[in-house]
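*Asks:* Compact mmCIF, C-alpha atoms, file final_9.txt:
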# COMPACT_ATOMS: atom_id res chain seq x y z
CA MET A 55 42.29 -35.57 11.11
CA LYS A 56 43.85 -32.13 11.06
CA LYS A 57 41.50 -31.11 8.27
CA MET A 58 38.49 -32.25 10.29
CA MET A 59 39.67 -30.31 13.34
CA LEU A 60 40.24 -27.23 11.22
CA MET A 61 36.79 -27.56 9.71
CA GLY A 62 35.28 -27.96 13.17
CA LEU A 63 37.06 -24.84 14.37
CA MET A 64 35.78 -22.91 11.34
CA ILE A 65 32.21 -24.01 12.01
CA MET A 66 32.53 -23.10 15.70
CA SER A 67 34.02 -19.76 14.73
CA PHE A 68 31.16 -19.05 12.32
CA SER A 69 28.56 -20.07 14.93
CA ALA A 70 30.11 -17.66 17.41
CA PHE A 71 29.32 -14.78 15.07
CA ALA A 72 25.92 -16.04 13.88
CA ASP A 73 22.98 -14.76 15.88
CA LYS A 74 19.43 -15.92 15.50
CA VAL A 75 17.56 -12.65 15.95
CA THR A 76 13.90 -12.41 16.92
CA VAL A 77 12.21 -9.03 16.57
CA GLY A 78 8.76 -8.19 17.95
CA VAL A 79 6.84 -5.83 15.66
CA ASN A 80 3.59 -4.05 16.46
CA GLY A 81 1.22 -3.02 13.66
CA MET A 82 2.27 -5.84 11.34
CA VAL A 83 -1.12 -7.06 10.14
CA CYS A 84 -0.92 -6.73 6.35
CA SER A 85 1.46 -9.08 4.55
CA MET A 86 1.79 -6.82 1.53
CA CYS A 87 2.72 -3.80 3.66
CA ALA A 88 5.24 -5.88 5.62
CA GLN A 89 7.12 -6.74 2.43
CA GLY A 90 9.14 -3.60 3.19
CA ILE A 91 10.70 -5.40 6.18
CA THR A 92 11.87 -8.38 4.15
CA LYS A 93 13.08 -6.11 1.36
CA LYS A 94 15.25 -4.14 3.78
CA LEU A 95 16.54 -7.28 5.55
CA ASN A 96 17.46 -8.81 2.21
CA ALA A 97 19.47 -5.67 1.48
CA LEU A 98 21.43 -6.32 4.70
CA LYS A 99 22.24 -9.84 3.39
CA VAL A 100 21.05 -11.64 6.51
CA ASP A 101 19.84 -15.23 6.26
CA GLU A 102 16.69 -17.24 6.97
CA ILE A 103 14.28 -14.30 7.08
CA LYS A 104 10.85 -15.28 8.36
CA VAL A 105 7.78 -13.15 9.13
CA ASP A 106 5.22 -14.56 11.54
CA LEU A 107 2.06 -12.46 11.35
CA ASP A 108 0.30 -14.59 13.98
CA HIS A 109 2.83 -13.77 16.67
CA LYS A 110 4.03 -10.43 15.20
CA LEU A 111 7.60 -11.66 14.98
CA VAL A 112 10.36 -11.27 12.42
CA THR A 113 13.26 -13.70 12.68
CA PHE A 114 16.53 -13.87 10.79
CA THR A 115 20.10 -15.05 11.20
CA THR A 116 23.09 -12.77 11.08
CA ASN A 117 26.51 -13.95 9.99
CA GLU A 118 30.12 -12.94 10.46
CA LYS A 119 30.07 -10.80 7.34
CA ASN A 120 26.81 -9.07 8.21
CA PRO A 121 26.40 -8.43 11.92
CA VAL A 122 23.39 -6.20 12.51
CA SER A 123 23.17 -4.00 15.59
CA ASP A 124 20.01 -3.51 17.63
CA GLU A 125 20.02 0.15 16.56
CA ALA A 126 20.08 -0.87 12.89
CA ILE A 127 17.19 -3.27 13.47
CA LYS A 128 15.14 -0.57 15.21
CA LYS A 129 15.82 1.86 12.36
CA LEU A 130 14.87 -0.75 9.77
CA ILE A 131 11.55 -1.57 11.45
CA GLU A 132 10.67 2.11 11.91
CA GLU A 133 11.56 2.92 8.28
CA SER A 134 9.21 0.11 7.32
CA GLY A 135 6.42 1.89 9.20
CA TYR A 136 6.14 -0.28 12.30
CA ALA A 137 6.91 -0.15 16.02
CA ILE A 138 9.50 -2.46 17.55
CA THR A 139 8.62 -4.22 20.82
CA LYS A 140 11.70 -6.39 21.45
CA VAL A 141 14.95 -7.72 20.01
CA GLU A 142 16.25 -11.07 21.22
CA ARG A 143 19.45 -12.83 20.16
CA LYS A 144 20.41 -16.47 20.61
CA MET B 49 -9.98 -0.96 -26.73
CA ARG B 50 -9.95 1.80 -24.11
CA TRP B 51 -10.78 -0.78 -21.44
CA LEU B 52 -7.79 -2.86 -22.46
CA VAL B 53 -5.51 0.15 -22.23
CA LEU B 54 -6.88 1.12 -18.83
CA LEU B 55 -6.44 -2.37 -17.41
CA PHE B 56 -2.76 -2.50 -18.23
CA LEU B 57 -1.68 0.99 -17.32
CA PRO B 58 -0.27 1.60 -13.85
CA LEU B 59 -3.30 3.38 -12.46
CA PHE B 60 -3.83 4.47 -8.89
CA ALA B 61 -5.90 2.23 -6.65
CA TRP B 62 -7.07 2.40 -3.08
CA ALA B 63 -3.90 1.95 -1.10
CA HIS B 64 -1.83 3.51 1.61
CA PRO B 65 -0.61 6.75 -0.01
CA VAL B 66 2.70 6.47 1.87
CA ILE B 67 4.55 3.13 2.25
CA TYR B 68 7.96 2.11 3.63
CA LYS B 69 11.05 4.29 3.12
CA ASP B 70 12.37 4.07 -0.45
CA GLY B 71 9.31 2.11 -1.53
CA ILE B 72 7.72 2.73 -4.93
CA MET B 73 4.03 2.14 -5.48
CA LEU B 74 2.37 1.71 -8.86
CA SER B 75 -1.36 1.17 -8.77
CA SER B 76 -4.67 1.50 -10.54
CA MET B 77 -8.37 2.16 -10.26
CA THR B 78 -10.59 1.62 -13.25
CA MET B 79 -14.32 2.09 -13.68
CA HIS B 80 -16.15 2.96 -16.87
CA ASP B 81 -16.59 6.59 -15.76
CA PHE B 82 -13.50 7.04 -13.58
CA THR B 83 -9.81 6.38 -14.04
CA GLU B 84 -6.98 7.07 -11.66
CA LEU B 85 -3.32 6.41 -12.60
CA GLY B 86 -0.30 7.09 -10.49
CA ALA B 87 3.20 6.34 -9.32
CA PHE B 88 4.49 7.28 -5.88
CA TYR B 89 7.83 7.19 -4.13
CA SER B 90 8.02 7.21 -0.31
CA TYR B 91 11.20 9.09 0.52
CA THR B 92 10.53 8.66 4.24
CA PRO B 93 8.01 6.43 6.06
CA LYS B 94 5.85 9.57 6.43
CA TRP B 95 6.16 11.41 3.10
CA ALA B 96 5.66 10.39 -0.51
CA VAL B 97 5.84 12.25 -3.80
CA GLY B 98 4.36 11.15 -7.07
CA ALA B 99 2.42 11.84 -10.22
CA GLU B 100 -1.22 11.11 -10.91
CA TYR B 101 -3.72 11.19 -13.74
CA LEU B 102 -7.46 11.45 -13.06
CA ARG B 103 -10.37 11.14 -15.46
CA LEU B 104 -14.02 11.60 -14.54
CA GLU B 105 -16.82 11.20 -17.06
CA SER B 106 -20.34 12.52 -16.55
CA PRO B 107 -23.43 10.52 -17.59
CA LYS B 108 -23.61 12.84 -20.66
CA GLY B 109 -20.10 11.78 -21.70
CA GLU B 110 -18.35 15.03 -20.68
CA GLU B 111 -14.84 14.33 -19.44
CA LYS B 112 -12.76 16.17 -16.85
CA GLN B 113 -9.11 15.27 -16.56
CA LEU B 114 -6.27 16.23 -14.23
CA GLU B 115 -2.56 15.54 -14.34
CA LEU B 116 -1.05 16.32 -10.97
CA ALA B 117 2.20 16.32 -9.05
CA ARG B 118 1.35 14.79 -5.69
CA LEU B 119 2.57 15.08 -2.11
CA ASN B 120 1.21 12.67 0.52
CA HIS B 121 1.78 12.68 4.26
CA LEU B 122 1.21 10.07 6.96
CA ALA B 123 -0.08 12.36 9.71
CA TYR B 124 -0.71 9.69 12.34
CA ARG B 125 -0.15 5.95 12.71
CA TYR B 126 -1.30 3.59 15.44
CA ASN B 127 0.76 0.40 15.59
CA GLY B 128 -1.02 -1.95 17.95
CA PRO B 129 -0.32 -5.61 18.78
CA GLY B 130 -3.13 -6.78 16.52
CA SER B 131 -4.06 -3.84 14.34
CA GLN B 132 -2.88 -0.71 12.59
CA GLY B 133 -4.63 2.62 12.05
CA ASN B 134 -3.60 5.54 9.85
CA ILE B 135 -4.54 9.11 8.99
CA TYR B 136 -3.15 10.55 5.76
CA LEU B 137 -3.24 14.01 4.22
CA VAL B 138 -2.97 14.16 0.43
CA SER B 139 -2.42 17.05 -1.97
CA GLY B 140 -1.77 17.69 -5.64
CA LEU B 141 -1.19 20.51 -8.09
CA GLY B 142 -1.01 20.49 -11.88
CA ARG B 143 -3.04 20.72 -15.06
CA ALA B 144 -6.78 20.37 -15.52
CA HIS B 145 -8.69 20.19 -18.77
CA ASP B 146 -12.06 19.19 -20.15
CA ASP B 147 -13.94 19.22 -23.44
CA VAL B 148 -14.05 23.05 -23.45
CA ASN B 149 -11.11 24.36 -21.40
CA ASP B 150 -7.49 23.38 -21.81
CA ASN B 151 -4.40 23.99 -19.66
CA ARG B 152 -6.07 25.24 -16.52
CA LEU B 153 -4.68 24.98 -13.01
CA GLY B 154 -5.86 21.78 -11.33
CA TRP B 155 -5.60 20.86 -7.70
CA LEU B 156 -6.46 18.15 -5.19
CA GLY B 157 -6.62 17.96 -1.41
CA GLY B 158 -7.93 15.32 0.92
CA VAL B 159 -7.83 13.28 4.07
CA GLU B 160 -7.87 9.50 4.45
CA ALA B 161 -8.26 7.26 7.49
CA ASP B 162 -8.11 3.50 7.83
CA TRP B 163 -7.93 0.79 10.44
CA GLU B 164 -7.21 -2.87 9.83
CA SER B 165 -6.51 -6.10 11.61
CA ARG B 166 -5.80 -9.41 9.92
CA GLU B 167 -9.54 -10.04 9.81
CA TYR B 168 -11.28 -6.68 9.48
CA PHE B 169 -10.71 -3.51 7.47
CA ILE B 170 -12.46 -0.14 7.50
CA SER B 171 -11.49 3.03 5.67
CA SER B 172 -12.83 6.32 4.45
CA LYS B 173 -11.38 9.10 2.36
CA TYR B 174 -12.58 12.49 1.19
CA THR B 175 -10.82 14.11 -1.75
CA GLN B 176 -11.65 17.54 -3.14
CA ILE B 177 -10.57 18.08 -6.75
CA GLY B 178 -10.88 21.32 -8.63
CA SER B 179 -9.91 23.85 -11.28
CA PRO B 180 -11.23 27.34 -12.16
CA ASP B 181 -13.97 25.56 -14.15
CA PHE B 182 -15.15 22.84 -11.78
CA ASP B 183 -14.78 21.39 -8.33
CA ALA B 184 -16.03 18.19 -6.78
CA GLY B 185 -15.73 16.23 -3.57
CA ILE B 186 -15.18 12.48 -3.86
CA TRP B 187 -16.12 10.43 -0.82
CA VAL B 188 -15.14 6.75 -0.77
CA SER B 189 -15.57 4.34 2.15
CA ARG B 190 -14.90 0.66 2.58
CA ILE B 191 -15.45 -2.18 4.97
CA GLY B 192 -13.81 -5.55 4.55
CA TYR B 193 -13.56 -9.01 6.06
CA SER B 194 -10.95 -11.68 5.48
CA PRO B 195 -12.56 -15.13 5.82
CA ILE B 196 -9.19 -16.91 5.71
CA ILE B 197 -6.31 -15.77 7.89
CA ALA B 198 -3.37 -16.65 5.68
CA ASP B 199 0.36 -16.82 6.40
CA PHE B 200 2.78 -14.10 5.31
CA ASP B 201 3.78 -15.79 2.04
CA SER B 202 0.31 -17.08 1.17
CA LEU B 203 -2.46 -15.61 -0.95
CA GLN B 204 -4.56 -13.18 1.10
CA SER B 205 -8.25 -12.84 0.27
CA TRP B 206 -10.82 -10.28 1.37
CA VAL B 207 -14.49 -9.59 0.79
CA MET B 208 -15.19 -5.85 0.65
CA LEU B 209 -18.01 -3.40 0.21
CA GLN B 210 -17.26 0.04 -1.21
CA THR B 211 -19.45 3.13 -1.29
CA TRP B 212 -18.48 5.90 -3.69
CA TYR B 213 -19.98 9.34 -4.16
CA ASP B 214 -18.86 12.09 -6.50
CA PRO B 215 -21.16 14.63 -8.14
CA ILE B 216 -19.52 14.44 -11.58
CA THR B 217 -19.95 10.80 -12.55
CA SER B 218 -23.28 10.26 -10.80
CA LYS B 219 -25.76 11.96 -8.51
CA GLU B 220 -26.17 8.70 -6.60
CA THR B 221 -23.85 6.80 -4.27
CA LYS B 222 -22.37 3.76 -6.01
CA ILE B 223 -22.28 0.62 -3.91
CA THR B 224 -19.76 -1.99 -5.06
CA PRO B 225 -19.16 -5.42 -3.52
CA MET B 226 -15.70 -6.66 -4.45
CA LEU B 227 -13.01 -9.22 -3.84
CA ARG B 228 -9.49 -8.22 -2.87
CA PHE B 229 -6.49 -10.49 -3.20
CA PHE B 230 -2.86 -9.92 -2.53
CA TYR B 231 0.18 -12.07 -2.82
CA LYS B 232 3.59 -10.81 -1.66
CA ASN B 233 3.94 -7.34 -3.24
CA VAL B 234 1.03 -7.49 -5.70
CA LEU B 235 -2.61 -6.63 -4.96
CA TRP B 236 -5.62 -6.89 -7.22
CA GLU B 237 -9.31 -6.18 -6.70
CA MET B 238 -12.38 -6.78 -8.79
CA GLY B 239 -16.07 -6.19 -8.39
CA ALA B 240 -19.20 -4.74 -9.88
CA SER B 241 -21.54 -2.06 -8.58
CA LEU B 242 -25.16 -2.87 -7.81
CA LYS B 243 -25.92 -1.28 -11.20
CA GLY B 244 -23.51 -3.65 -12.92
CA ASP B 245 -20.56 -1.33 -13.52
CA ALA B 246 -17.29 -3.26 -13.43
CA PHE B 247 -14.50 -2.22 -11.09
CA PHE B 248 -10.87 -3.30 -11.30
CA ASN B 249 -7.75 -2.29 -9.35
CA TRP B 250 -4.21 -3.42 -9.10
CA MET B 251 -1.18 -2.27 -7.20
CA ILE B 252 2.48 -3.20 -6.91
CA HIS B 253 5.02 -2.25 -4.25
CA ILE B 254 8.60 -2.17 -5.50
Would you write out, as C-alpha cells, the structure that this file holds?

*Replies:*
Amino acid sequence: MKKMMLMGLMIMSFSAFADKVTVGVNGMVCSMCAQGITKKLNALKVDEIKVDLDHKLVTFTTNEKNPVSDEAIKKLIEESGYAITKVERK
Amino acid sequence: MRWLVLLFLPLFAWAHPVIYKDGIMLSSMTMHDFTELGAFYSYTPKWAVGAEYLRLESPKGEEKQLELARLNHLAYRYNGPGSQGNIYLVSGLGRAHDDVNDNRLGWLGGVEADWESREYFISSKYTQIGSPDFDAGIWVSRIGYSPIIADFDSLQSWVMLQTWYDPITSKETKITPMLRFFYKNVLWEMGASLKGDAFFNWMIHI
C-alpha cells in the first residue's frame, strides 16, 4: 500500500513538471526545411515531438529534467528560420 | 563511368542556400553538360559558408571548371501563415580552369528568390560566373505544384518545370519537366529536358 502511494506521489510529482507545449509557427510549409525544428528539439531531450504542417503547430512534452523556457523556444524556432506566433502550455 | 561518379558525389542542387543554424547541406545537380557539387554549413539562420565545384561543357566539348569557397546570405524572409518567401545573395571566390588556362582566379555572384506554399512553388535565380578568360550568366527558374498534400513525416511529391539558360552549354533555353520528392531530410529530383537530356539532383540536410 505504501509502495503504491509512493508511486502515485512520484507520478503526480512528474506530472507537475511535465508541460505539453504547443508552439505556433509561421512559414512552416516545407517538411524538409522544418526538420531543423525537430533536430533542435531532440537536442533538448523533450518528448513526443510532433509537427503539424496543416495547422502550423509544433507540439512536445517537457519533463522535470528538461524544462524549456518560452525564451528558449522562441530562440529555437528563430534559429530554425521561422517566426513564432504563440506558445501555450498545459 | 563518369555518369556513375557524378550521381554518387555530393553535388549541389537547387536548394535554399542557407538553412537552419548549425545545419549542413550536401547536394547535387547533374546534367550531361553541367555539374555542380557542394557542401554548405549554416553558421546562423542567415549566413552559410561552403565549398563548390562547377563544370560547364560547351557543345564542342570544351570544359570550364571552377572550385570556389562560397558565402551565402539570406537577405530577406517572409514567414506567412501559409507560405514562405526568400531572397538570397550568393558569392564565391576561388580557382577557374579550362582546356587552355590553368589556375586562374574564378568568381561567382548571384541573387535568388523563391516563394512556396504546401501546394505551389516558384523560384528564379541569376548567377554570374567568371574568370579572366570567360564569364557567363546562368538564369534558372522553376514553377512547381504538389498534387498530394502530405503530412510532415510522409513522402512529399512535386511536379516541376524548370527553364535554364546559360551561354556556355547551349545558346537555347533548356526546358525540363521533372519530379521532386522528399522524405524527412533527403530530397531527390529527376527529369529530362524536351531534347531528352537527363537531369538528376539530390540533397541531404544534416

*Asks:* Please, which residues of chain B lie no more than 10 Å from chain A when the count uses all atoms listed in the file, and can they be set out as a PyMOL selection string?

*Replies:* chain B and resi 63-64+66-71+91-94+122+125-133+164-167+197-204+230-235+252-254

*Asks:* Separation of atom CA of Glu111 of chain B and atom CA of Asp147 of chain B, in Å?

*Replies:*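 Separating atom CA of Glu111 of chain B from atom CA of Asp147 of chain B is a distance of 6.4 Å.
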
*Asks:* Let me make sure I understand: among B:Ser189, B:Asn120, B:Ser218, B:Gln113, which one has the smallest atom-to-atom distance to Phe88 of chain B if we use only C-alpha atoms?

*Replies:*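 Checking each candidate against Phe88 of chain B, we get B:Asn120 as the closest.
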
*Asks:* Can you tell me, as a PyMOL selection string, what residues are no more than 7 Å from Phe114 of chain A when counting only C-alpha atoms, ignoring any on the same chain fewer than 6 positions away?

*Replies:* chain A and resi 74-76+100-104

*Asks:* Those same residues - C-alpha atoms - I'd like them written as an mmCIF file, keeping the file's coordinate frame.

*Replies:*
data_model
loop_
_atom_site.group_PDB
_atom_site.id
_atom_site.type_symbol
_atom_site.label_atom_id
_atom_site.label_comp_id
_atom_site.auth_asym_id
_atom_site.auth_seq_id
_atom_site.Cartn_x
_atom_site.Cartn_y
_atom_site.Cartn_z
ATOM 1 C CA LYS A 74 19.430 -15.920 15.500
ATOM 2 C CA VAL A 75 17.560 -12.650 15.950
ATOM 3 C CA THR A 76 13.900 -12.410 16.920
ATOM 4 C CA VAL A 100 21.050 -11.640 6.510
ATOM 5 C CA ASP A 101 19.840 -15.230 6.260
ATOM 6 C CA GLU A 102 16.690 -17.240 6.970
ATOM 7 C CA ILE A 103 14.280 -14.300 7.080
ATOM 8 C CA LYS A 104 10.850 -15.280 8.360
#

*Asks:* For atom CA of Leu116 of chain B and atom CA of Ile72 of chain B, determine how far apart the two atoms are, in Å to one decimal place.

*Replies:*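 Here the two named atoms are 17.3 Å from each other.
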
*Asks:* So how many Å separate atom CA of Asn134 of chain B and atom CA of Ser171 of chain B, to one decimal?

*Replies:*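 Those two atoms sit 9.3 Å apart.
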
*Asks:* Considering only C-alpha atoms, can you say which of A:Ala97, A:Leu111, A:Lys140, A:Ser123 comes closest to Asp73 of chain A?

*Replies:*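 Of A:Ala97, A:Leu111, A:Lys140, A:Ser123, the one nearest Asp73 of chain A is A:Ser123, counting only C-alpha atoms.
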
*Asks:* Can you pull out every residue within 6 Å of Met208 of chain B, counting all atoms listed in the file, but drop anything in the same chain fewer than 4 positions away, and send it as a PyMOL selection string?

*Replies:* chain B and resi 191-192+225-226

*Asks:* Filtering to C-alpha atoms, could you give me those residues as a PDB file, in the frame of the given file?

*Replies:*
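out-v3.pdb written:
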ATOM      1  CA  ILE B 191     -15.450  -2.180   4.970  1.00  0.00           C
ATOM      2  CA  GLY B 192     -13.810  -5.550   4.550  1.00  0.00           C
ATOM      3  CA  PRO B 225     -19.160  -5.420  -3.520  1.00  0.00           C
ATOM      4  CA  MET B 226     -15.700  -6.660  -4.450  1.00  0.00           C
TER       5      MET B 226
END

*Asks:* From the list B:Ile216, B:Ile196, B:Val207, B:Ala240, which residue is nearest Ser106 of chain B when using only C-alpha atoms?

*Replies:*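 Of B:Ile216, B:Ile196, B:Val207, B:Ala240, the one nearest Ser106 of chain B, counting only C-alpha atoms, is B:Ile216.
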
*Asks:* Which residue, A:Val112, A:Leu95, A:Val77, A:Ala72, has the smallest gap to Val141 of chain A when you use all atoms listed in the file?

*Replies:*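 Nearest to Val141 of chain A: A:Val77.
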
*Asks:* Residues near Asn120 of chain A, anyone? I mean within 9 Å using all atoms listed in the file, not counting same-chain ones fewer than 2 positions away, as a PyMOL selection string.

*Replies:* chain A and resi 98-100+116-118+122

*Asks:* Once you count all atoms listed in the file, which residues end up no further than 8 Å from (-14.2, 18.0, -16.6) in the file's frame, shown as a PyMOL selection string?

*Replies:* chain B and resi 103-105+110-113+144-147+181-182
